[in-house]
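Source file protein_38.cif; content: mmCIF, C-alpha atoms and all ligand atoms.
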```
data_data
#
loop_
_atom_site.label_atom_id
_atom_site.label_comp_id
_atom_site.auth_asym_id
_atom_site.auth_seq_id
_atom_site.Cartn_x
_atom_site.Cartn_y
_atom_site.Cartn_z
CA MET A 1 -43.19 -0.53 78.42
CA LYS A 2 -41.28 -1.92 81.40
CA ARG A 3 -43.91 -4.58 81.89
CA ILE A 4 -43.61 -5.65 78.27
CA PHE A 5 -39.82 -5.86 78.65
CA ILE A 6 -40.12 -8.11 81.71
CA PHE A 7 -42.62 -10.21 79.86
CA PHE A 8 -40.14 -10.46 76.98
CA LEU A 9 -37.37 -11.57 79.37
CA LEU A 10 -39.61 -14.20 80.88
CA ILE A 11 -40.43 -15.57 77.44
CA CYS A 12 -36.70 -15.64 76.65
CA SER A 13 -35.81 -17.50 79.81
CA LEU A 14 -38.53 -20.03 79.23
CA ALA A 15 -37.50 -20.43 75.63
CA PHE A 16 -33.72 -20.59 76.01
CA GLY A 17 -33.06 -21.28 79.65
CA GLY A 18 -35.37 -22.61 82.25
CA ASN A 19 -36.97 -21.85 85.46
CA ILE A 20 -35.42 -23.11 88.66
CA THR A 21 -38.39 -24.30 90.63
CA ASN A 22 -36.71 -25.82 93.64
CA VAL A 23 -33.33 -26.40 95.28
CA GLN A 24 -33.17 -29.02 97.99
CA ASN A 25 -30.61 -30.17 100.49
CA LYS A 26 -30.85 -33.95 100.48
CA GLY A 27 -28.03 -34.73 102.88
CA ASP A 28 -25.19 -35.91 100.63
CA LYS A 29 -26.84 -34.28 97.60
CA ILE A 30 -28.14 -30.94 96.47
CA ALA A 31 -30.90 -31.31 93.91
CA ILE A 32 -31.88 -28.44 91.64
CA SER A 33 -35.21 -28.87 89.87
CA LEU A 34 -35.66 -27.07 86.59
CA THR A 35 -38.25 -26.72 83.95
CA SER A 36 -36.75 -27.88 80.66
CA PHE A 37 -33.20 -26.66 80.34
CA ASP A 38 -30.66 -27.29 77.65
CA LYS A 39 -27.96 -29.51 79.11
CA SER A 40 -25.20 -27.91 77.07
CA GLN A 41 -25.82 -24.56 78.68
CA TYR A 42 -25.04 -25.02 82.31
CA GLN A 43 -21.52 -24.35 83.53
CA LEU A 44 -19.77 -26.03 86.38
CA SER A 45 -16.31 -25.20 87.61
CA TYR A 46 -14.34 -25.89 90.75
CA ASP A 47 -11.70 -23.82 92.46
CA THR A 48 -9.56 -26.37 94.31
CA TYR A 49 -7.70 -23.86 96.43
CA ASN A 50 -10.88 -22.33 97.83
CA ARG A 51 -12.88 -25.58 97.62
CA LEU A 52 -15.52 -23.62 95.76
CA ILE A 53 -17.98 -25.00 93.23
CA PHE A 54 -19.42 -22.48 90.84
CA LEU A 55 -22.54 -23.61 89.06
CA GLU A 56 -24.29 -21.40 86.56
CA PHE A 57 -27.55 -21.73 84.67
CA PRO A 58 -27.53 -18.94 82.09
CA GLN A 59 -30.84 -17.43 81.09
CA SER A 60 -32.64 -19.02 83.94
CA ALA A 61 -34.70 -17.51 86.65
CA MET A 62 -35.29 -18.67 90.16
CA SER A 63 -38.83 -18.70 91.36
CA LYS A 64 -37.99 -19.32 95.00
CA LYS A 65 -36.05 -17.54 97.71
CA LEU A 66 -33.57 -19.84 99.40
CA ASN A 67 -32.21 -19.82 102.91
CA PRO A 68 -28.43 -20.32 102.49
CA ASN A 69 -28.06 -21.74 106.01
CA SER A 70 -30.34 -24.63 105.20
CA PHE A 71 -27.70 -25.95 102.79
CA LYS A 72 -24.89 -26.16 105.31
CA SER A 73 -23.97 -29.72 106.12
CA LYS A 74 -20.98 -31.92 106.86
CA TYR A 75 -20.24 -31.58 103.13
CA VAL A 76 -21.10 -27.93 102.52
CA GLU A 77 -19.48 -25.08 104.41
CA SER A 78 -21.42 -22.30 102.76
CA PHE A 79 -24.00 -21.81 100.04
CA GLU A 80 -24.84 -18.70 98.12
CA THR A 81 -27.21 -17.91 95.28
CA VAL A 82 -26.51 -15.09 92.87
CA ASN A 83 -29.10 -13.74 90.51
CA TYR A 84 -27.57 -12.05 87.46
CA GLY A 85 -30.75 -10.90 85.89
CA ASN A 86 -29.98 -13.09 82.92
CA GLY A 87 -28.94 -16.16 84.82
CA THR A 88 -28.64 -17.87 88.17
CA GLY A 89 -25.43 -18.90 89.86
CA PHE A 90 -24.62 -20.96 92.91
CA PHE A 91 -21.42 -20.68 94.93
CA ILE A 92 -21.02 -23.80 97.02
CA LYS A 93 -18.03 -23.99 99.30
CA LEU A 94 -17.17 -27.54 100.32
CA ASN A 95 -15.83 -28.62 103.65
CA LYS A 96 -12.35 -30.14 103.76
CA ASN A 97 -11.81 -33.60 102.25
CA ILE A 98 -15.06 -33.59 100.34
CA SER A 99 -15.30 -34.57 96.69
CA TYR A 100 -18.29 -34.04 94.43
CA SER A 101 -19.82 -35.35 91.25
CA SER A 102 -22.72 -34.11 89.18
CA SER A 103 -25.50 -35.54 87.09
CA PHE A 104 -28.11 -33.88 84.95
CA ASN A 105 -31.30 -34.79 83.27
CA SER A 106 -33.58 -32.23 81.71
CA LYS A 107 -35.57 -31.79 84.90
CA GLU A 108 -33.01 -32.09 87.63
CA PHE A 109 -29.39 -31.23 88.27
CA VAL A 110 -27.81 -33.14 91.16
CA LEU A 111 -24.56 -32.46 92.97
CA SER A 112 -23.47 -35.47 95.02
CA PHE A 113 -20.91 -35.20 97.78
CA ASN A 114 -18.52 -37.77 99.14
CA ASP A 115 -16.25 -37.89 102.11
CA LYS A 116 -12.72 -38.37 100.71
CA ASN A 117 -11.54 -39.85 103.98
CA PRO A 118 -14.56 -41.77 105.09
CA LYS A 119 -14.40 -42.96 108.61
CA LYS A 120 -13.93 -46.64 109.05
CA GLN A 121 -11.87 -47.20 105.96
CA TYR A 122 -9.57 -49.48 107.93
CA THR A 123 -10.32 -52.80 109.55
CA ILE A 124 -8.55 -53.69 112.75
CA ILE A 125 -8.53 -57.19 114.22
CA ILE A 126 -8.34 -57.40 117.98
CA ASP A 127 -7.26 -60.83 119.10
CA PRO A 128 -7.60 -61.51 122.83
CA GLY A 129 -5.25 -64.43 123.46
CA HIS A 130 -6.37 -67.83 124.78
CA GLY A 131 -9.94 -68.35 126.08
CA GLY A 132 -12.30 -71.15 127.05
CA LYS A 133 -10.44 -74.32 127.99
CA ASP A 134 -7.12 -72.50 127.51
CA PRO A 135 -6.55 -70.08 130.41
CA GLY A 136 -3.12 -68.91 129.17
CA ALA A 137 -0.76 -67.87 131.92
CA THR A 138 -1.96 -67.92 135.52
CA GLY A 139 -0.85 -65.46 138.19
CA PHE A 140 -1.13 -65.83 141.93
CA LYS A 141 -3.25 -68.98 141.35
CA LYS A 142 -6.32 -66.84 140.60
CA TYR A 143 -5.64 -64.45 137.76
CA TYR A 144 -6.02 -65.81 134.25
CA GLU A 145 -4.40 -64.33 131.20
CA LYS A 146 -7.51 -65.13 129.13
CA SER A 147 -9.72 -62.89 131.34
CA VAL A 148 -7.30 -59.98 131.66
CA VAL A 149 -6.66 -59.80 127.91
CA LEU A 150 -10.35 -60.10 127.05
CA ALA A 151 -11.16 -57.16 129.34
CA VAL A 152 -8.45 -54.95 127.80
CA SER A 153 -9.46 -56.05 124.28
CA LYS A 154 -13.08 -55.04 124.87
CA TYR A 155 -11.96 -51.63 126.06
CA LEU A 156 -9.76 -51.36 122.99
CA ARG A 157 -12.69 -52.28 120.74
CA ASP A 158 -14.80 -49.56 122.38
CA GLU A 159 -12.01 -47.03 121.90
CA LEU A 160 -11.60 -47.82 118.19
CA LYS A 161 -15.05 -48.73 116.95
CA GLY A 162 -16.08 -45.13 116.20
CA ASP A 163 -13.24 -44.72 113.69
CA PHE A 164 -12.53 -48.24 112.45
CA ASN A 165 -14.19 -51.47 111.51
CA VAL A 166 -13.23 -53.57 114.48
CA ILE A 167 -13.45 -57.34 114.48
CA MET A 168 -12.64 -59.41 117.55
CA THR A 169 -11.47 -62.98 117.18
CA ARG A 170 -13.41 -63.66 120.37
CA ASP A 171 -15.50 -61.40 122.59
CA LYS A 172 -16.29 -63.95 125.24
CA ASP A 173 -14.65 -66.77 127.12
CA VAL A 174 -14.40 -69.26 124.26
CA PHE A 175 -11.57 -71.25 122.75
CA VAL A 176 -10.45 -70.17 119.27
CA THR A 177 -7.62 -72.05 117.54
CA LEU A 178 -4.40 -70.28 116.60
CA GLY A 179 -5.13 -71.01 112.95
CA GLU A 180 -8.62 -69.54 113.01
CA ARG A 181 -7.54 -66.22 114.51
CA PRO A 182 -5.49 -64.96 111.56
CA ARG A 183 -8.01 -66.49 109.15
CA ILE A 184 -10.65 -64.16 110.62
CA GLY A 185 -8.32 -61.28 109.76
CA ASN A 186 -7.57 -62.52 106.27
CA ARG A 187 -11.23 -63.10 105.44
CA ALA A 188 -11.95 -59.49 106.45
CA LYS A 189 -8.90 -58.25 104.47
CA ALA A 190 -7.97 -56.47 107.68
CA ASP A 191 -5.31 -53.78 107.80
CA MET A 192 -3.85 -54.62 111.17
CA PHE A 193 -3.86 -57.50 113.61
CA ILE A 194 -3.43 -56.81 117.32
CA SER A 195 -3.02 -59.85 119.52
CA ILE A 196 -3.25 -59.13 123.23
CA HIS A 197 -1.57 -61.27 125.85
CA ALA A 198 -0.10 -61.11 129.32
CA ASN A 199 3.27 -62.51 130.18
CA SER A 200 4.50 -64.73 132.94
CA ALA A 201 7.97 -65.73 133.99
CA VAL A 202 9.47 -68.37 136.23
CA THR A 203 10.57 -65.58 138.52
CA ASN A 204 8.10 -63.00 139.83
CA LYS A 205 10.76 -60.29 139.53
CA LEU A 206 10.18 -59.56 135.86
CA SER A 207 7.78 -56.74 135.07
CA GLY A 208 6.79 -54.46 132.22
CA THR A 209 5.34 -54.30 128.75
CA GLU A 210 6.80 -55.75 125.60
CA VAL A 211 5.54 -55.95 122.07
CA PHE A 212 6.34 -58.58 119.47
CA TYR A 213 6.16 -58.65 115.70
CA PHE A 214 6.45 -61.55 113.33
CA SER A 215 9.97 -62.45 112.33
CA LYS A 216 11.41 -65.63 110.89
CA LYS A 217 14.49 -64.95 112.97
CA SER A 218 14.35 -64.39 116.69
CA SER A 219 16.46 -64.04 119.78
CA PRO A 220 16.49 -66.92 122.28
CA TYR A 221 14.38 -64.79 124.65
CA ALA A 222 11.74 -63.92 122.04
CA GLU A 223 11.72 -67.54 120.93
CA ARG A 224 10.80 -68.66 124.43
CA ILE A 225 7.83 -66.28 124.54
CA ALA A 226 6.72 -67.42 121.09
CA ALA A 227 7.12 -71.06 122.12
CA PHE A 228 4.76 -70.52 125.05
CA GLU A 229 2.15 -68.70 122.95
CA ASN A 230 2.46 -71.24 120.13
CA SER A 231 2.18 -74.20 122.52
CA VAL A 232 -1.55 -73.53 122.83
CA GLY A 233 -2.02 -75.15 119.42
CA ASP A 234 -0.09 -78.32 120.16
CA LYS A 235 -1.60 -78.61 123.62
CA TYR A 236 -5.15 -78.55 122.25
CA GLY A 237 -4.66 -80.72 119.21
CA GLU A 238 -3.61 -78.20 116.56
CA LYS A 239 -0.25 -78.35 114.85
CA SER A 240 0.77 -74.70 115.01
CA ASN A 241 3.70 -75.44 112.70
CA ASN A 242 1.14 -76.06 109.99
CA ILE A 243 0.05 -72.43 110.10
CA VAL A 244 1.82 -71.16 107.05
CA GLN A 245 3.12 -67.74 106.31
CA ILE A 246 0.98 -66.71 103.39
CA MET A 247 2.67 -63.43 102.60
CA GLY A 248 5.38 -63.40 99.99
CA GLU A 249 8.89 -62.17 100.71
CA LEU A 250 8.26 -58.58 99.65
CA ALA A 251 5.04 -58.34 101.66
CA TYR A 252 6.82 -59.94 104.61
CA LYS A 253 9.47 -57.22 104.59
CA LYS A 254 6.96 -54.40 104.15
CA ASN A 255 4.61 -55.75 106.81
CA GLN A 256 7.50 -56.28 109.17
CA GLU A 257 8.66 -52.70 108.75
CA ILE A 258 5.16 -51.41 109.56
CA SER A 259 4.79 -53.86 112.45
CA ILE A 260 8.12 -52.82 113.96
CA GLY A 261 7.11 -49.15 113.89
CA LEU A 262 3.76 -49.88 115.51
CA ALA A 263 5.29 -52.25 118.06
CA ARG A 264 7.79 -49.65 119.18
CA LYS A 265 5.15 -46.96 119.56
CA ILE A 266 2.69 -49.24 121.36
CA SER A 267 5.33 -50.45 123.77
CA ALA A 268 6.38 -46.89 124.56
CA SER A 269 2.79 -45.68 124.82
CA ILE A 270 1.69 -48.37 127.29
CA SER A 271 4.77 -48.09 129.45
CA SER A 272 4.68 -44.29 129.66
CA GLY A 273 0.91 -44.13 130.17
CA MET A 274 0.86 -46.89 132.77
CA ALA A 275 4.18 -46.10 134.46
CA MET A 276 5.37 -49.58 133.55
CA LYS A 277 8.77 -50.72 132.43
CA ASP A 278 9.25 -50.62 128.65
CA ARG A 279 10.81 -53.96 127.82
CA GLY A 280 11.03 -53.03 124.18
CA ILE A 281 10.14 -54.93 121.07
CA HIS A 282 11.19 -58.31 119.74
CA GLY A 283 10.72 -60.26 116.55
CA ALA A 284 9.66 -63.88 116.85
CA ASN A 285 7.87 -66.60 114.99
CA PHE A 286 4.39 -66.34 116.47
CA ALA A 287 1.94 -68.68 114.76
CA VAL A 288 -0.93 -66.23 115.16
CA LEU A 289 1.00 -63.43 113.44
CA ARG A 290 2.55 -65.72 110.84
CA GLY A 291 -0.88 -66.68 109.51
CA PHE A 292 -2.11 -63.12 109.02
CA ASN A 293 -1.54 -61.45 105.69
CA GLY A 294 -0.67 -57.96 106.92
CA PRO A 295 1.07 -56.04 109.68
CA GLY A 296 0.52 -57.37 113.15
CA VAL A 297 1.74 -57.07 116.69
CA LEU A 298 1.45 -59.23 119.76
CA ILE A 299 1.35 -57.22 122.94
CA GLU A 300 2.40 -58.70 126.24
CA LEU A 301 0.73 -56.14 128.47
CA GLY A 302 2.61 -57.03 131.62
CA PHE A 303 3.56 -59.94 133.85
CA ILE A 304 0.62 -61.70 135.42
CA ASN A 305 2.82 -63.17 138.15
CA ASN A 306 4.40 -59.86 139.15
CA SER A 307 2.80 -58.10 142.11
CA SER A 308 3.19 -54.62 140.65
CA ASP A 309 1.98 -55.45 137.12
CA ILE A 310 -0.98 -57.53 138.27
CA LYS A 311 -2.50 -54.54 140.06
CA LYS A 312 -2.65 -52.75 136.73
CA LEU A 313 -3.75 -55.77 134.74
CA VAL A 314 -6.85 -56.57 136.80
CA ASN A 315 -8.05 -53.08 137.61
CA PRO A 316 -10.82 -51.96 135.17
CA ALA A 317 -9.70 -48.30 135.16
CA ASN A 318 -6.16 -49.38 134.32
CA GLN A 319 -7.37 -51.88 131.73
CA LYS A 320 -9.22 -49.07 130.04
CA LYS A 321 -6.18 -46.82 130.21
CA MET A 322 -4.02 -49.54 128.62
CA ALA A 323 -6.56 -49.80 125.82
CA GLN A 324 -6.48 -46.03 125.34
CA GLN A 325 -2.68 -46.06 125.14
CA ILE A 326 -2.86 -48.69 122.37
CA ALA A 327 -5.75 -46.94 120.58
CA LYS A 328 -3.79 -43.68 120.46
CA VAL A 329 -1.06 -45.32 118.41
CA VAL A 330 -3.49 -47.08 116.08
CA ARG A 331 -5.37 -43.84 115.46
CA ALA A 332 -2.18 -41.86 114.83
CA ASN A 333 -1.02 -44.40 112.25
CA TYR A 334 -4.20 -45.30 110.43
CA TYR A 335 -6.60 -42.46 110.75
ZN ZN C 1 -0.64 -65.53 125.86
#
```

Is it possible to give me this structure as structure tokens?
Ligand SMILES: [Zn+2]
Amino acid sequence: MKRIFIFFLLICSLAFGGNITNVQNKGDKIAISLTSFDKSQYQLSYDTYNRLIFLEFPQSAMSKKLNPNSFKSKYVESFETVNYGNGTGFFIKLNKNISYSSSFNSKEFVLSFNDKNPKKQYTIIIDPGHGGKDPGATGFKKYYEKSVVLAVSKYLRDELKGDFNVIMTRDKDVFVTLGERPRIGNRAKADMFISIHANSAVTNKLSGTEVFYFSKKSSPYAERIAAFENSVGDKYGEKSNNIVQIMGELAYKKNQEISIGLARKISASISSGMAMKDRGIHGANFAVLRGFNGPGVLIELGFINNSSDIKKLVNPANQKKMAQQIAKVVRANYY
């Protein structure tokens, strides 16, 4: 009698439900293979608070025993199968920040998972100042701004590349025009532009870090720094005045607000991490920032002609530390 009853159930499940023949973890998908199953019958619901998907195939039977641990992944925290006797259910708990979608054809039900905050959703431009025929500022007749800033920029790239798309306007000792640098950023639709420089002054007494943002108005001091950095263009046959500000007034204000916040944090982070003087932030009309359509900062790491700063600027361990101090701020703001 019992045997006949089981046989009857089996007939029912084949007739009205289906048989689940396989369930596979395919990385960002879980695929459930079924013998013919009526699409209108499955039920899928999601409990947002508990991040729990409940998937039910009424009047179906599972012909395979599953190992729940084999379904754990970066998307799935836990996986459980429940057999009701007259149906099969799956409880799938998602990890944080995972979204899902489903698709169904008569032979296969597929749950697809997506990272809601995929890594590398932001693009950061690292712009090591000067390069090639343009050495930038020179300190103690042997230290070149172009080399110091390239070294720090490479460390910064290495710090950020795991979490961001990082594009460098140059990664070797080559000359790149002031106009081309922001264009690289605009072509990539980058989210942030970080130009890295080292300062110099007529006196060797000045020391410390300062960070600039693009502003149409500037103080006489900031204007002098911008004039030096912008002079690269004119000196090497490019009219830096021709680099136009492509952002509209509203974008200019918004980008400036973001840039000011980042500038302040970067300046504080470098100076505290490196035990250097925090010379604060300044707005000025830098051609390289003016041409970029987004928030940007220009960091003057320290003074290349100051005996205390130069020790930090040329030492690889300190260059790396400077990069880490900048990366910390970028990560905290964008990641
Ligand atoms: Zn410079």

Neighbouring residues of ligand ZN 1 (chain C) are defined here as those with any atom at most 10 Å from a ligand atom, counting all atoms listed in the file; list them as a CSV table (one decimal) with C-alpha atoms, in the coordinates of the input.
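Wrote it out as pocket.csv, contents follow:
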```csv
chain,number,residue,atom,x,y,z
A,128,PRO,CA,-7.6,-61.5,122.8
A,129,GLY,CA,-5.2,-64.4,123.5
A,130,HIS,CA,-6.4,-67.8,124.8
A,131,GLY,CA,-9.9,-68.4,126.1
A,134,ASP,CA,-7.1,-72.5,127.5
A,135,PRO,CA,-6.6,-70.1,130.4
A,136,GLY,CA,-3.1,-68.9,129.2
A,137,ALA,CA,-0.8,-67.9,131.9
A,144,TYR,CA,-6.0,-65.8,134.2
A,145,GLU,CA,-4.4,-64.3,131.2
A,146,LYS,CA,-7.5,-65.1,129.1
A,149,VAL,CA,-6.7,-59.8,127.9
A,195,SER,CA,-3.0,-59.8,119.5
A,196,ILE,CA,-3.2,-59.1,123.2
A,197,HIS,CA,-1.6,-61.3,125.8
A,198,ALA,CA,-0.1,-61.1,129.3
A,199,ASN,CA,3.3,-62.5,130.2
A,200,SER,CA,4.5,-64.7,132.9
A,225,ILE,CA,7.8,-66.3,124.5
A,226,ALA,CA,6.7,-67.4,121.1
A,228,PHE,CA,4.8,-70.5,125.0
A,229,GLU,CA,2.2,-68.7,123.0
A,230,ASN,CA,2.5,-71.2,120.1
A,231,SER,CA,2.2,-74.2,122.5
A,232,VAL,CA,-1.6,-73.5,122.8
A,298,LEU,CA,1.4,-59.2,119.8
A,299,ILE,CA,1.4,-57.2,122.9
A,300,GLU,CA,2.4,-58.7,126.2
A,301,LEU,CA,0.7,-56.1,128.5
```

So which one's closest to Phe91 of chain A, A:Ser73, A:Gln24, A:Asn50, A:Ser308? Using only C-alpha atoms, please.
->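 Of the candidates, the smallest distance to Phe91 of chain A is held by A:Asn50.
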
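Coordinates place atom CA of Lys205 of chain A at a distance of 24.8 Å from atom CA of Lys320 of chain A.
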
Around the point (-16.6, -59.8, 124.0), in the coordinates given by the file, pick out the residues reaching within 10 Å, counting all atoms listed in the file, and return them as a compact mmCIF listing (two decimals) with C-alpha atoms, keeping the file's coordinate frame.
```
# COMPACT_ATOMS: atom_id res chain seq x y z
CA PRO A 128 -7.60 -61.51 122.83
CA LEU A 150 -10.35 -60.10 127.05
CA ALA A 151 -11.16 -57.16 129.34
CA SER A 153 -9.46 -56.05 124.28
CA LYS A 154 -13.08 -55.04 124.87
CA TYR A 155 -11.96 -51.63 126.06
CA ARG A 157 -12.69 -52.28 120.74
CA MET A 168 -12.64 -59.41 117.55
CA THR A 169 -11.47 -62.98 117.18
CA ARG A 170 -13.41 -63.66 120.37
CA ASP A 171 -15.50 -61.40 122.59
CA LYS A 172 -16.29 -63.95 125.24
CA ASP A 173 -14.65 -66.77 127.12
CA VAL A 174 -14.40 -69.26 124.26
```

Kindly extract all protein, DNA and RNA residues lying within 12 Å of the coordinates (13.5, -64.3, 125.2) given in the file, considering all atoms listed in the file, and supply them as a list of chain:residue names.
->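 Every polymer residue passing the test: A:Asn199, A:Ser200, A:Ala201, A:Glu210, A:Val211, A:Phe212, A:Ser218, A:Ser219, A:Pro220, A:Tyr221, A:Ala222, A:Glu223, A:Arg224, A:Ile225, A:Ala226, A:Ala227, A:Phe228, A:Arg279, A:Gly280, A:Ile281, A:His282, A:Gly283, A:Ala284, A:Asn285.
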
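Using only C-alpha atoms, the nearest neighbour of Asn165 of chain A within the list A:Tyr213, A:Tyr122, A:Phe193, A:Phe79 is A:Tyr122.
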
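The spacing separating atom CA of Asn241 of chain A from atom CA of Ile194 of chain A amounts to 20.5 Å.
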